[in-house]
$ cat protein-v4.cif   # mmCIF, C-alpha atoms
data_protein
#
loop_
_atom_site.label_atom_id
_atom_site.label_comp_id
_atom_site.auth_asym_id
_atom_site.auth_seq_id
_atom_site.Cartn_x
_atom_site.Cartn_y
_atom_site.Cartn_z
CA MET P 1 -1.28 5.13 9.52
CA LEU P 2 -1.23 2.43 6.85
CA SER P 3 2.18 1.71 5.35
CA LEU P 4 2.79 1.12 1.63
CA ALA P 5 6.23 -0.06 0.52
CA LEU P 6 7.75 0.35 -2.94
CA ALA P 7 9.83 -2.67 -3.92
CA GLY P 8 11.42 -4.02 -7.08
CA LYS P 9 14.74 -4.29 -8.85
CA PRO P 10 17.03 -1.25 -9.25
CA ASN P 11 16.21 1.36 -11.91
CA ALA P 12 12.55 0.33 -12.19
CA GLY P 13 11.48 3.82 -11.08
CA LYS P 14 10.72 3.35 -7.38
CA SER P 15 12.42 6.57 -6.28
CA THR P 16 10.69 8.54 -9.03
CA PHE P 17 7.34 7.09 -7.93
CA TYR P 18 8.18 7.99 -4.31
CA LYS P 19 9.22 11.53 -5.21
CA ALA P 20 6.08 12.05 -7.31
CA ALA P 21 3.81 10.66 -4.60
CA THR P 22 5.37 12.58 -1.71
CA MET P 23 7.09 15.52 -3.44
CA ALA P 24 10.04 14.77 -1.14
CA ASP P 25 13.58 15.63 -2.17
CA VAL P 26 15.24 12.27 -2.87
CA ASP P 27 17.95 11.07 -5.21
CA VAL P 28 16.71 9.77 -8.56
CA GLY P 29 19.43 8.22 -10.72
CA ASN P 30 19.89 5.78 -13.59
CA TYR P 31 22.19 3.46 -11.71
CA PRO P 32 21.73 0.57 -9.26
CA PHE P 33 21.19 1.32 -5.56
CA THR P 34 20.38 5.00 -5.94
CA THR P 35 18.60 4.37 -2.65
CA ILE P 36 20.54 2.68 0.15
CA ASP P 37 18.62 3.59 3.31
CA ALA P 38 14.87 3.40 2.90
CA ASN P 39 13.09 6.71 2.34
CA ARG P 40 9.95 7.19 4.44
CA GLY P 41 7.39 9.87 3.77
CA VAL P 42 3.70 10.71 3.73
CA SER P 43 1.57 10.32 0.64
CA HIS P 44 -2.21 10.09 0.26
CA VAL P 45 -4.94 7.89 -1.11
CA ARG P 46 -7.85 9.57 -2.84
CA THR P 47 -11.56 9.14 -2.27
CA GLU P 48 -14.74 11.20 -2.50
CA CYS P 49 -15.25 13.57 0.42
CA PRO P 50 -18.65 13.44 2.17
CA CYS P 51 -18.86 17.21 1.71
CA LEU P 52 -20.03 16.50 -1.85
CA ASP P 53 -23.39 15.64 -0.27
CA ARG P 54 -23.68 19.11 1.24
CA GLU P 55 -24.21 22.51 -0.30
CA ALA P 56 -20.65 23.72 0.35
CA ARG P 57 -17.26 22.02 0.24
CA CYS P 58 -15.59 21.40 3.60
CA GLY P 59 -12.51 23.51 2.97
CA ASP P 60 -10.17 21.04 4.69
CA GLU P 61 -6.57 21.18 3.49
CA HIS P 62 -6.84 17.56 2.36
CA CYS P 63 -9.99 18.19 0.34
CA ARG P 64 -9.79 19.67 -3.14
CA ASP P 65 -13.30 20.43 -4.30
CA GLY P 66 -14.61 17.12 -3.01
CA LYS P 67 -11.49 15.05 -3.77
CA ARG P 68 -10.37 13.85 -0.36
CA TYR P 69 -6.75 12.85 0.22
CA VAL P 70 -6.15 10.60 3.23
CA PRO P 71 -2.58 10.25 4.59
CA VAL P 72 -0.63 6.98 4.32
CA GLU P 73 3.02 6.19 4.89
CA LEU P 74 5.08 5.46 1.77
CA ILE P 75 8.40 3.61 2.00
CA ASP P 76 10.93 3.52 -0.83
CA VAL P 77 13.06 0.40 -0.34
CA ALA P 78 16.37 0.01 -2.16
CA GLY P 79 16.40 -2.15 -5.28
CA LEU P 80 16.35 -5.92 -4.86
CA VAL P 81 18.46 -8.25 -6.99
CA PRO P 82 18.19 -12.03 -7.49
CA GLY P 83 19.43 -13.76 -4.34
CA ALA P 84 18.39 -10.84 -2.10
CA HIS P 85 17.07 -13.29 0.50
CA GLU P 86 20.61 -14.66 0.78
CA GLY P 87 22.04 -11.20 1.35
CA ARG P 88 23.03 -10.32 -2.24
CA GLY P 89 23.09 -6.56 -2.73
CA LEU P 90 22.39 -6.00 0.97
CA GLY P 91 19.15 -7.86 0.25
CA ASN P 92 18.35 -8.95 3.81
CA GLN P 93 18.67 -5.37 5.00
CA PHE P 94 16.30 -4.19 2.28
CA LEU P 95 13.82 -7.03 2.85
CA ASP P 96 13.77 -6.24 6.57
CA GLU P 97 12.50 -2.76 5.65
CA LEU P 98 9.35 -4.40 4.28
CA THR P 99 8.53 -6.05 7.61
CA ASN P 100 6.02 -3.48 8.83
CA ALA P 101 4.48 -2.64 5.45
CA ASP P 102 0.79 -3.43 5.03
CA VAL P 103 0.99 -3.78 1.25
CA ILE P 104 3.76 -3.91 -1.36
CA LEU P 105 3.86 -1.94 -4.61
CA ASN P 106 6.11 -4.00 -6.90
CA VAL P 107 7.43 -1.43 -9.38
CA VAL P 108 8.26 -3.20 -12.65
CA ASP P 109 10.00 -1.59 -15.63
CA ALA P 110 7.32 -2.28 -18.24
CA SER P 111 9.58 -0.94 -20.99
CA GLY P 112 12.01 -3.84 -20.64
CA GLY P 113 14.83 -1.30 -20.51
CA THR P 114 16.60 -2.82 -17.50
CA ASP P 115 17.88 -6.38 -17.07
CA GLU P 116 17.25 -8.71 -14.12
CA GLU P 117 19.98 -6.96 -12.12
CA GLY P 118 18.58 -3.50 -12.84
CA GLU P 119 21.30 -2.54 -15.30
CA PRO P 120 20.15 -0.36 -18.24
CA VAL P 121 19.70 -2.15 -21.57
CA GLU P 122 17.94 -1.24 -24.81
CA VAL P 123 14.20 -0.70 -24.38
CA GLY P 124 12.44 -3.98 -25.09
CA GLN P 125 15.55 -6.12 -24.59
CA HIS P 126 14.40 -7.55 -21.24
CA ASP P 127 11.06 -9.30 -20.68
CA PRO P 128 9.33 -7.46 -17.77
CA VAL P 129 7.07 -10.45 -17.13
CA GLU P 130 10.12 -12.11 -15.57
CA ASP P 131 10.09 -9.39 -12.90
CA VAL P 132 6.44 -9.84 -11.87
CA HIS P 133 6.99 -12.69 -9.42
CA PHE P 134 10.56 -11.79 -8.56
CA VAL P 135 9.74 -9.68 -5.48
CA GLU P 136 7.22 -12.12 -4.03
CA GLU P 137 9.61 -15.05 -4.54
CA GLU P 138 12.42 -13.21 -2.77
CA MET P 139 10.06 -12.28 0.06
CA ASP P 140 8.78 -15.86 0.35
CA LEU P 141 12.33 -17.24 0.56
CA TRP P 142 13.35 -14.52 3.01
CA LEU P 143 10.40 -15.30 5.28
CA ALA P 144 11.05 -19.04 4.94
CA SER P 145 14.62 -18.46 6.16
CA ILE P 146 13.26 -16.64 9.22
CA VAL P 147 10.92 -19.57 9.94
CA ASP P 148 13.81 -22.02 9.52
CA ARG P 149 16.08 -20.09 11.87
CA ASN P 150 13.42 -20.05 14.59
CA TRP P 151 11.94 -23.52 14.11
CA GLU P 152 14.17 -25.17 16.69
CA SER P 153 12.59 -23.01 19.40
CA VAL P 154 9.14 -24.16 18.23
CA GLU P 155 10.28 -27.78 18.43
CA ARG P 156 11.59 -27.26 21.96
CA ALA P 157 8.37 -25.58 23.04
CA SER P 158 6.33 -28.45 21.58
CA ARG P 159 7.63 -30.77 24.30
CA SER P 160 5.63 -28.82 26.87
CA PRO P 161 2.22 -30.37 27.76
CA ASP P 162 0.46 -27.01 27.30
CA PHE P 163 2.06 -26.32 23.89
CA ASP P 164 -0.13 -24.49 21.40
CA LEU P 165 1.13 -24.28 17.79
CA ASP P 166 -0.91 -21.16 17.01
CA GLU P 167 0.61 -19.31 19.96
CA ALA P 168 4.13 -20.43 19.07
CA LEU P 169 3.77 -19.24 15.49
CA VAL P 170 2.24 -15.94 16.56
CA ASP P 171 5.24 -15.35 18.82
CA MET P 172 7.54 -16.08 15.87
CA LEU P 173 5.68 -14.16 13.16
CA THR P 174 4.43 -11.00 14.87
CA GLY P 175 7.82 -9.51 14.00
CA VAL P 176 6.96 -9.73 10.30
CA GLY P 177 3.49 -8.24 10.72
CA ALA P 178 1.39 -11.40 11.21
CA THR P 179 -1.49 -11.31 13.70
CA GLU P 180 -3.12 -14.11 15.67
CA LEU P 181 -5.94 -14.14 13.13
CA ASP P 182 -3.46 -14.34 10.23
CA VAL P 183 -1.81 -17.39 11.76
CA ALA P 184 -5.12 -19.10 12.56
CA ARG P 185 -6.47 -18.60 9.03
CA THR P 186 -3.21 -19.74 7.46
CA LEU P 187 -3.07 -22.95 9.46
CA ARG P 188 -6.64 -23.76 8.44
CA GLU P 189 -5.53 -23.63 4.80
CA LEU P 190 -2.48 -25.90 5.20
CA ASP P 191 -1.95 -29.61 5.62
CA TYR P 192 0.74 -30.23 8.23
CA PRO P 193 1.80 -32.71 10.95
CA GLU P 194 0.59 -31.98 14.47
CA ASP P 195 4.11 -32.46 15.81
CA PRO P 196 6.41 -29.58 14.73
CA ILE P 197 9.36 -32.00 14.81
CA SER P 198 7.76 -33.79 11.84
CA TRP P 199 7.53 -30.66 9.72
CA THR P 200 9.62 -30.70 6.54
CA ASP P 201 11.20 -27.82 4.61
CA GLU P 202 8.16 -27.96 2.30
CA HIS P 203 5.78 -27.45 5.24
CA ARG P 204 7.75 -24.46 6.48
CA GLU P 205 8.01 -22.94 2.99
CA ALA P 206 4.25 -23.34 2.50
CA LEU P 207 3.67 -21.60 5.84
CA ALA P 208 5.98 -18.73 4.87
CA GLN P 209 4.34 -18.31 1.48
CA GLN P 210 0.81 -18.21 2.87
CA ILE P 211 1.77 -15.79 5.65
CA ARG P 212 3.43 -13.49 3.10
CA ARG P 213 0.38 -13.54 0.85
CA ARG P 214 -1.89 -12.73 3.78
CA THR P 215 0.26 -10.02 5.37
CA LYS P 216 2.07 -8.52 2.35
CA PRO P 217 -0.31 -8.45 -0.64
CA ILE P 218 1.23 -7.07 -3.83
CA VAL P 219 0.15 -4.57 -6.49
CA VAL P 220 2.28 -4.71 -9.63
CA VAL P 221 2.99 -1.20 -10.91
CA ALA P 222 3.78 -1.43 -14.63
CA ASN P 223 5.95 1.68 -14.64
CA LYS P 224 7.36 3.39 -17.75
CA ALA P 225 4.18 2.39 -19.58
CA ASP P 226 4.66 5.53 -21.69
CA ILE P 227 7.74 4.02 -23.39
CA ALA P 228 6.82 0.33 -23.17
CA PRO P 229 6.84 -1.63 -26.45
CA GLU P 230 3.40 -2.57 -27.72
CA GLY P 231 1.95 -5.56 -25.88
CA ASN P 232 4.16 -5.37 -22.78
CA VAL P 233 1.52 -3.89 -20.49
CA GLU P 234 -1.08 -6.38 -21.68
CA ARG P 235 1.27 -9.31 -21.01
CA LEU P 236 1.98 -7.96 -17.54
CA ARG P 237 -1.75 -7.79 -16.86
CA GLU P 238 -2.01 -11.45 -17.82
CA ALA P 239 0.91 -12.39 -15.56
CA ALA P 240 -0.39 -10.94 -12.28
CA GLU P 241 -3.72 -10.53 -10.52
CA VAL P 242 -3.45 -6.78 -9.82
CA VAL P 243 -1.54 -4.63 -12.33
CA VAL P 244 -1.65 -0.83 -12.65
CA PRO P 245 0.05 0.79 -15.70
CA ALA P 246 1.92 3.94 -14.68
CA THR P 247 4.31 6.67 -15.67
CA ALA P 248 6.01 7.94 -12.52
CA ASP P 249 8.01 10.41 -14.64
CA GLY P 250 4.75 11.80 -16.01
CA GLU P 251 3.21 12.16 -12.56
CA LEU P 252 6.30 13.92 -11.23
CA ALA P 253 6.28 16.32 -14.18
CA LEU P 254 2.59 17.14 -13.62
CA ARG P 255 3.00 17.71 -9.89
CA LYS P 256 5.93 20.04 -10.49
CA ALA P 257 3.99 21.86 -13.19
CA ALA P 258 0.99 22.19 -10.88
CA GLU P 259 3.19 23.60 -8.11
CA ALA P 260 4.54 26.14 -10.60
CA GLY P 261 1.02 27.14 -11.65
CA VAL P 262 1.55 25.87 -15.19
CA VAL P 263 -1.18 23.21 -15.13
CA ASP P 264 -4.42 22.64 -13.25
CA TYR P 265 -4.06 19.08 -11.97
CA ASP P 266 -4.93 17.11 -8.86
CA PRO P 267 -3.28 13.71 -8.22
CA GLY P 268 -5.48 10.99 -9.65
CA ASP P 269 -7.20 13.18 -12.25
CA PRO P 270 -7.59 11.51 -15.65
CA ASP P 271 -6.49 14.71 -17.44
CA PHE P 272 -5.10 18.20 -16.81
CA GLU P 273 -5.41 21.71 -18.18
CA ILE P 274 -2.50 23.93 -19.21
CA VAL P 275 -3.15 27.29 -17.54
CA GLY P 276 0.27 28.97 -17.65
CA GLU P 277 2.88 29.96 -20.18
CA VAL P 278 4.86 27.02 -21.54
CA SER P 279 7.47 26.63 -24.24
CA ASP P 280 6.80 24.56 -27.34
CA GLN P 281 9.04 21.84 -25.91
CA GLN P 282 7.19 21.84 -22.58
CA ARG P 283 3.82 21.70 -24.33
CA GLU P 284 4.99 18.78 -26.45
CA GLY P 285 6.12 16.92 -23.31
CA LEU P 286 2.83 17.61 -21.55
CA GLU P 287 0.84 16.41 -24.53
CA ARG P 288 2.79 13.14 -24.54
CA ILE P 289 1.81 12.65 -20.91
CA ARG P 290 -1.81 13.43 -21.82
CA GLU P 291 -1.78 10.67 -24.44
CA VAL P 292 -0.64 8.09 -21.90
CA MET P 293 -3.24 9.32 -19.39
CA ALA P 294 -5.94 8.90 -22.02
CA ASP P 295 -4.88 5.29 -22.56
CA TYR P 296 -4.78 4.34 -18.87
CA GLY P 297 -7.12 6.80 -17.15
CA GLY P 298 -4.32 8.80 -15.53
CA THR P 299 -0.64 8.48 -14.72
CA GLY P 300 -1.28 5.43 -12.54
CA VAL P 301 0.64 6.64 -9.48
CA GLN P 302 -2.45 7.63 -7.50
CA THR P 303 -4.40 4.68 -8.87
CA ALA P 304 -1.75 2.24 -7.65
CA MET P 305 -1.96 3.53 -4.08
CA ASP P 306 -5.76 3.71 -4.13
CA THR P 307 -5.94 0.15 -5.47
CA ALA P 308 -3.59 -1.07 -2.74
CA VAL P 309 -5.59 0.46 0.11
CA TYR P 310 -9.21 0.37 -1.02
CA ASP P 311 -9.18 -2.81 -3.12
CA LEU P 312 -6.39 -5.11 -1.92
CA LEU P 313 -6.52 -4.16 1.77
CA ASP P 314 -10.28 -3.53 1.53
CA HIS P 315 -10.34 -0.43 3.73
CA VAL P 316 -12.98 2.26 4.05
CA THR P 317 -12.73 5.92 5.04
CA ALA P 318 -14.65 7.12 8.10
CA TYR P 319 -14.98 10.67 9.41
CA PRO P 320 -15.47 11.28 13.16
CA VAL P 321 -17.27 14.51 14.13
CA GLN P 322 -18.46 16.10 17.37
CA ASN P 323 -21.42 17.95 15.89
CA ASP P 324 -23.57 15.54 13.90
CA THR P 325 -25.62 18.36 12.34
CA LYS P 326 -22.81 20.58 11.11
CA TRP P 327 -20.26 17.75 10.72
CA THR P 328 -17.68 19.71 12.70
CA ASP P 329 -15.17 19.19 15.50
CA GLY P 330 -15.03 21.24 18.69
CA GLN P 331 -13.39 24.15 16.87
CA GLY P 332 -15.98 24.30 14.11
CA ASN P 333 -13.83 22.67 11.43
CA VAL P 334 -15.91 20.71 8.93
CA LEU P 335 -14.84 17.06 8.45
CA PRO P 336 -11.33 17.68 9.78
CA ASP P 337 -10.29 14.06 10.22
CA ALA P 338 -10.42 10.95 8.04
CA HIS P 339 -9.48 7.46 9.23
CA LEU P 340 -8.78 4.38 7.13
CA LEU P 341 -10.31 1.27 8.70
CA PRO P 342 -10.62 -2.36 7.57
CA ARG P 343 -14.01 -3.11 6.07
CA GLY P 344 -16.24 -4.50 8.80
CA SER P 345 -15.04 -1.99 11.39
CA THR P 346 -17.59 -0.73 13.92
CA PRO P 347 -18.19 2.68 15.52
CA GLN P 348 -16.12 1.62 18.54
CA ASP P 349 -13.24 0.68 16.21
CA LEU P 350 -13.42 4.24 14.88
CA ALA P 351 -13.45 5.56 18.44
CA TYR P 352 -10.21 3.68 19.18
CA ALA P 353 -8.72 4.99 15.93
CA VAL P 354 -9.38 8.53 17.16
CA HIS P 355 -7.84 7.88 20.59
CA SER P 356 -7.56 4.94 22.95
CA ASP P 357 -9.26 6.96 25.71
CA ILE P 358 -12.22 7.70 23.42
CA GLY P 359 -12.48 3.99 22.67
CA ASP P 360 -12.29 3.01 26.34
CA GLY P 361 -15.03 5.49 27.21
CA TYR P 362 -17.23 4.68 24.20
CA ILE P 363 -20.97 4.90 24.96
CA HIS P 364 -22.71 5.02 21.58
CA ALA P 365 -22.52 6.51 18.08
CA VAL P 366 -24.67 8.57 15.75
CA ASP P 367 -24.79 8.30 11.96
CA ALA P 368 -24.45 11.97 11.04
CA ARG P 369 -25.69 11.38 7.49
CA ALA P 370 -28.96 9.80 8.63
CA ASN P 371 -29.10 11.75 11.91
CA ARG P 372 -29.86 8.62 13.94
CA ARG P 373 -28.22 6.51 16.58
CA ILE P 374 -26.62 3.32 15.26
CA SER P 375 -25.87 0.02 16.97
CA ASP P 376 -22.43 -0.86 18.25
CA GLU P 377 -22.27 -3.72 15.70
CA THR P 378 -22.91 -1.49 12.68
CA GLU P 379 -20.28 -2.03 9.97
CA LEU P 380 -19.09 1.33 8.73
CA GLU P 381 -19.31 2.01 5.00
CA GLU P 382 -17.03 4.14 2.83
CA GLY P 383 -17.64 7.82 3.60
CA ALA P 384 -19.33 7.24 6.96
CA VAL P 385 -19.68 10.40 9.06
CA VAL P 386 -20.01 9.40 12.71
CA LYS P 387 -20.46 11.21 16.00
CA ILE P 388 -18.80 9.28 18.81
CA VAL P 389 -20.30 9.73 22.29
CA SER P 390 -17.74 8.90 24.96
CA ASP P 391 -17.32 9.64 28.64
CA ASN P 392 -13.64 10.41 28.08
#
$ encode --input "protein-v4.cif" --output "structure tokens"
Amino acid sequence: MLSLALAGKPNAGKSTFYKAATMADVDVGNYPFTTIDANRGVSHVRTECPCLDREARCGDEHCRDGKRYVPVELIDVAGLVPGAHEGRGLGNQFLDELTNADVILNVVDASGGTDEEGEPVEVGQHDPVEDVHFVEEEMDLWLASIVDRNWESVERASRSPDFDLDEALVDMLTGVGATELDVARTLRELDYPEDPISWTDEHREALAQQIRRRTKPIVVVANKADIAPEGNVERLREAAEVVVPATADGELALRKAAEAGVVDYDPGDPDFEIVGEVSDQQREGLERIREVMADYGGTGVQTAMDTAVYDLLDHVTAYPVQNDTKWTDGQGNVLPDAHLLPRGSTPQDLAYAVHSDIGDGYIHAVDARANRRISDETELEEGAVVKIVSDN
């Protein structure tokens, strides 16, 4: 399961985002370090279900009339403060929680209602643009400190005649989520001395920065967009490559209202319908949320997660089936499973995602949409429905 981590300074709205996205019972408070230990839960990214190409919807619990929700892990990390990489505010502990995340959602208070330490101030008093690069800078410095602490072992290993820098760095960096391919690609992009003993602090910092960018890409979530002063969201969009305006409070309110049968709303919808009895005050609050959704195409919570997985990580959704005509498993369930795979994945990659034994016994695959056998090198597209033939 892919892992998405919520990071940012205290009081930016991370816990509210987490609660809205998972509907888990967590503390949400207007004070620093509401979260101490990281919260871990299951949320979902949204895509179109292949059942839309058939006469009837699949009826799976994760499909809502053709809106397919695919599980991902969501981690709510405690608020980071300046100097976190040096241990300020238990920063190293919190940064360590990001180690296994595949992508970071940097939750920024777009309203400017919290200062650089996360303390509440008047809305508009703080410039949220200052918070855009804060998380990545702390992560870069944190990773650089890890490289520094372990560099002596690389230098010692370099005295061996069969020393390989790639292998040494892989051994060092697998603990922070880097793969052999990540290290190889990073080294191709850097200028550095062949002898590790000749590396300077600048070389090691450049290595750390490139590894972080490759292994921990960041989506900036411009939270509290509903109360942000005019121009703040636009300036945030100019300050970062990937920015998603959001109102986590609005999403949480809609999900609670939907659970209560008050509104008809699915996560990621651009609008909602009031279907139950509401007070004048509740209706007024819902209409304020609707206005923000009209401006940004939704509350932004679902969009942020979808952007992280499908755009930044460039994953596709594939659906393994046993019956390529009915698109069912062995129990007759239609499209029961959905797997997120990196773009470029093959049918055998999908087989291994289902189970290692299925992958080991892989024989061939059938494209259930086209009803034809496909080659082992076929790159699966978004929404692929595939029958895996295996001798296990």
$ resolve_selection --input "protein-v4.cif" --expression "the PyMOL selection byres ((chain P and resi 180) around 10)" --output "ChimeraX atom specification"
/P:166-167,169-171,173-174,178-179,181-186
$ closest_atom_pairs --input "protein-v4.cif" --of "region 310-331 of chain P" --to "region 42-50 of chain P" --cutoff "12 Å" --atoms "all atoms listed in the file" --output "JSON lines"
{"residue": "P:Tyr310", "atom": "CA", "partner": "P:Val45", "partner_atom": "CA", "distance": 8.6}
{"residue": "P:Asp311", "atom": "CA", "partner": "P:Val45", "partner_atom": "CA", "distance": 11.7}
{"residue": "P:His315", "atom": "CA", "partner": "P:Val45", "partner_atom": "CA", "distance": 11.0}
{"residue": "P:Val316", "atom": "CA", "partner": "P:Thr47", "partner_atom": "CA", "distance": 9.4}
{"residue": "P:Thr317", "atom": "CA", "partner": "P:Thr47", "partner_atom": "CA", "distance": 8.1}
{"residue": "P:Ala318", "atom": "CA", "partner": "P:Pro50", "partner_atom": "CA", "distance": 9.5}
{"residue": "P:Tyr319", "atom": "CA", "partner": "P:Pro50", "partner_atom": "CA", "distance": 8.6}
{"residue": "P:Pro320", "atom": "CA", "partner": "P:Pro50", "partner_atom": "CA", "distance": 11.6}
{"residue": "P:Trp327", "atom": "CA", "partner": "P:Pro50", "partner_atom": "CA", "distance": 9.7}
$ residues_around --input "protein-v4.cif" --residues "Val385 (chain P)" --least-positions-apart "5" --cutoff "12 Å" --atoms "all atoms listed in the file" --output "number ranges by chain"
P: 49-51, 53, 316-329, 334-339, 347, 350, 365-372, 374, 380
$ resolve_selection --input "protein-v4.cif" --expression "the PyMOL selection byres ((chain P and resi 293) around 10)" --output "ChimeraX atom specification"
/P:226,245-247,250-251,269-272,287-292,294-300
$ atom_distance --input "protein-v4.cif" --atom1 "CA of Thr16 (chain P)" --atom2 "CA of Leu252 (chain P)"
7.3 Å
$ closest_atom_pairs --input "protein-v4.cif" --of "region 160-248 of chain P" --to "region 127-138 of chain P" --cutoff "7 Å" --atoms "all atoms listed in the file" --output "tab-separated table"
residue	atom	partner	partner_atom	distance
P:Val220	CA	P:Val132	CA	7.0
P:Leu236	CA	P:Val129	CA	5.7
P:Ala239	CA	P:Val129	CA	6.6
P:Ala240	CA	P:Val132	CA	6.9
$ resolve_selection --input "protein-v4.cif" --expression "the PyMOL selection byres ((chain P and resi 231) around 12)" --output "CSV table (one decimal) with C-alpha atoms, in the frame of the given file"
chain,number,residue,atom,x,y,z
P,110,ALA,CA,7.3,-2.3,-18.2
P,111,SER,CA,9.6,-0.9,-21.0
P,112,GLY,CA,12.0,-3.8,-20.6
P,124,GLY,CA,12.4,-4.0,-25.1
P,127,ASP,CA,11.1,-9.3,-20.7
P,128,PRO,CA,9.3,-7.5,-17.8
P,129,VAL,CA,7.1,-10.4,-17.1
P,225,ALA,CA,4.2,2.4,-19.6
P,227,ILE,CA,7.7,4.0,-23.4
P,228,ALA,CA,6.8,0.3,-23.2
P,229,PRO,CA,6.8,-1.6,-26.4
P,230,GLU,CA,3.4,-2.6,-27.7
P,232,ASN,CA,4.2,-5.4,-22.8
P,233,VAL,CA,1.5,-3.9,-20.5
P,234,GLU,CA,-1.1,-6.4,-21.7
P,235,ARG,CA,1.3,-9.3,-21.0
P,236,LEU,CA,2.0,-8.0,-17.5
P,237,ARG,CA,-1.8,-7.8,-16.9
P,238,GLU,CA,-2.0,-11.4,-17.8
$ atom_distance --input "protein-v4.cif" --atom1 "CA of Leu312 (chain P)" --atom2 "CA of Gly344 (chain P)"
14.6 Å
$ atom_distance --input "protein-v4.cif" --atom1 "CA of Asp60 (chain P)" --atom2 "CA of Val262 (chain P)"
23.6 Å
$ axis_aligned_box --input "protein-v4.cif" --around "region 97-114 of chain P" --padding-each-side "6 Å" --output "AutoDock Vina command-line options"
--center_x 8.7 --center_y -3.5 --center_z -6.1 --size_x 27.8 --size_y 17.1 --size_z 41.8
$ residues_around --input "protein-v4.cif" --residues "Leu254 (chain P)" --least-positions-apart "6" --cutoff "9 Å" --atoms "only C-alpha atoms" --output "list in words"
Ala20, Val262, Val263, Asp264, Tyr265, Asp266, Pro267, Phe272, Leu286 and Ile289 of chain P
$ closest_residue --input "protein-v4.cif" --among "P:Leu165, P:Val121, P:Ala38, P:Met139" --to "Thr215 (chain P)" --atoms "only C-alpha atoms"
P:Met139
$ closest_residue --input "protein-v4.cif" --among "P:Arg54, P:Arg40, P:Arg204, P:Arg343" --to "Glu73 (chain P)" --atoms "all atoms listed in the file"
P:Arg40
$ closest_residue --input "protein-v4.cif" --among "P:Asp349, P:Lys9, P:Arg373, P:Asp357" --to "Pro120 (chain P)" --atoms "only C-alpha atoms"
P:Lys9
$ closest_residue --input "protein-v4.cif" --among "P:Thr99, P:Asp162, P:Ala257, P:Ala12" --to "Arg212 (chain P)" --atoms "only C-alpha atoms"
P:Thr99
$ closest_residue --input "protein-v4.cif" --among "P:Ala353, P:Val278, P:Leu6, P:Val108" --to "His126 (chain P)" --atoms "only C-alpha atoms"
P:Val108
$ closest_residue --input "protein-v4.cif" --among "P:Leu341, P:Ser3, P:Asn223, P:Val354" --to "Asp102 (chain P)" --atoms "only C-alpha atoms"
P:Ser3
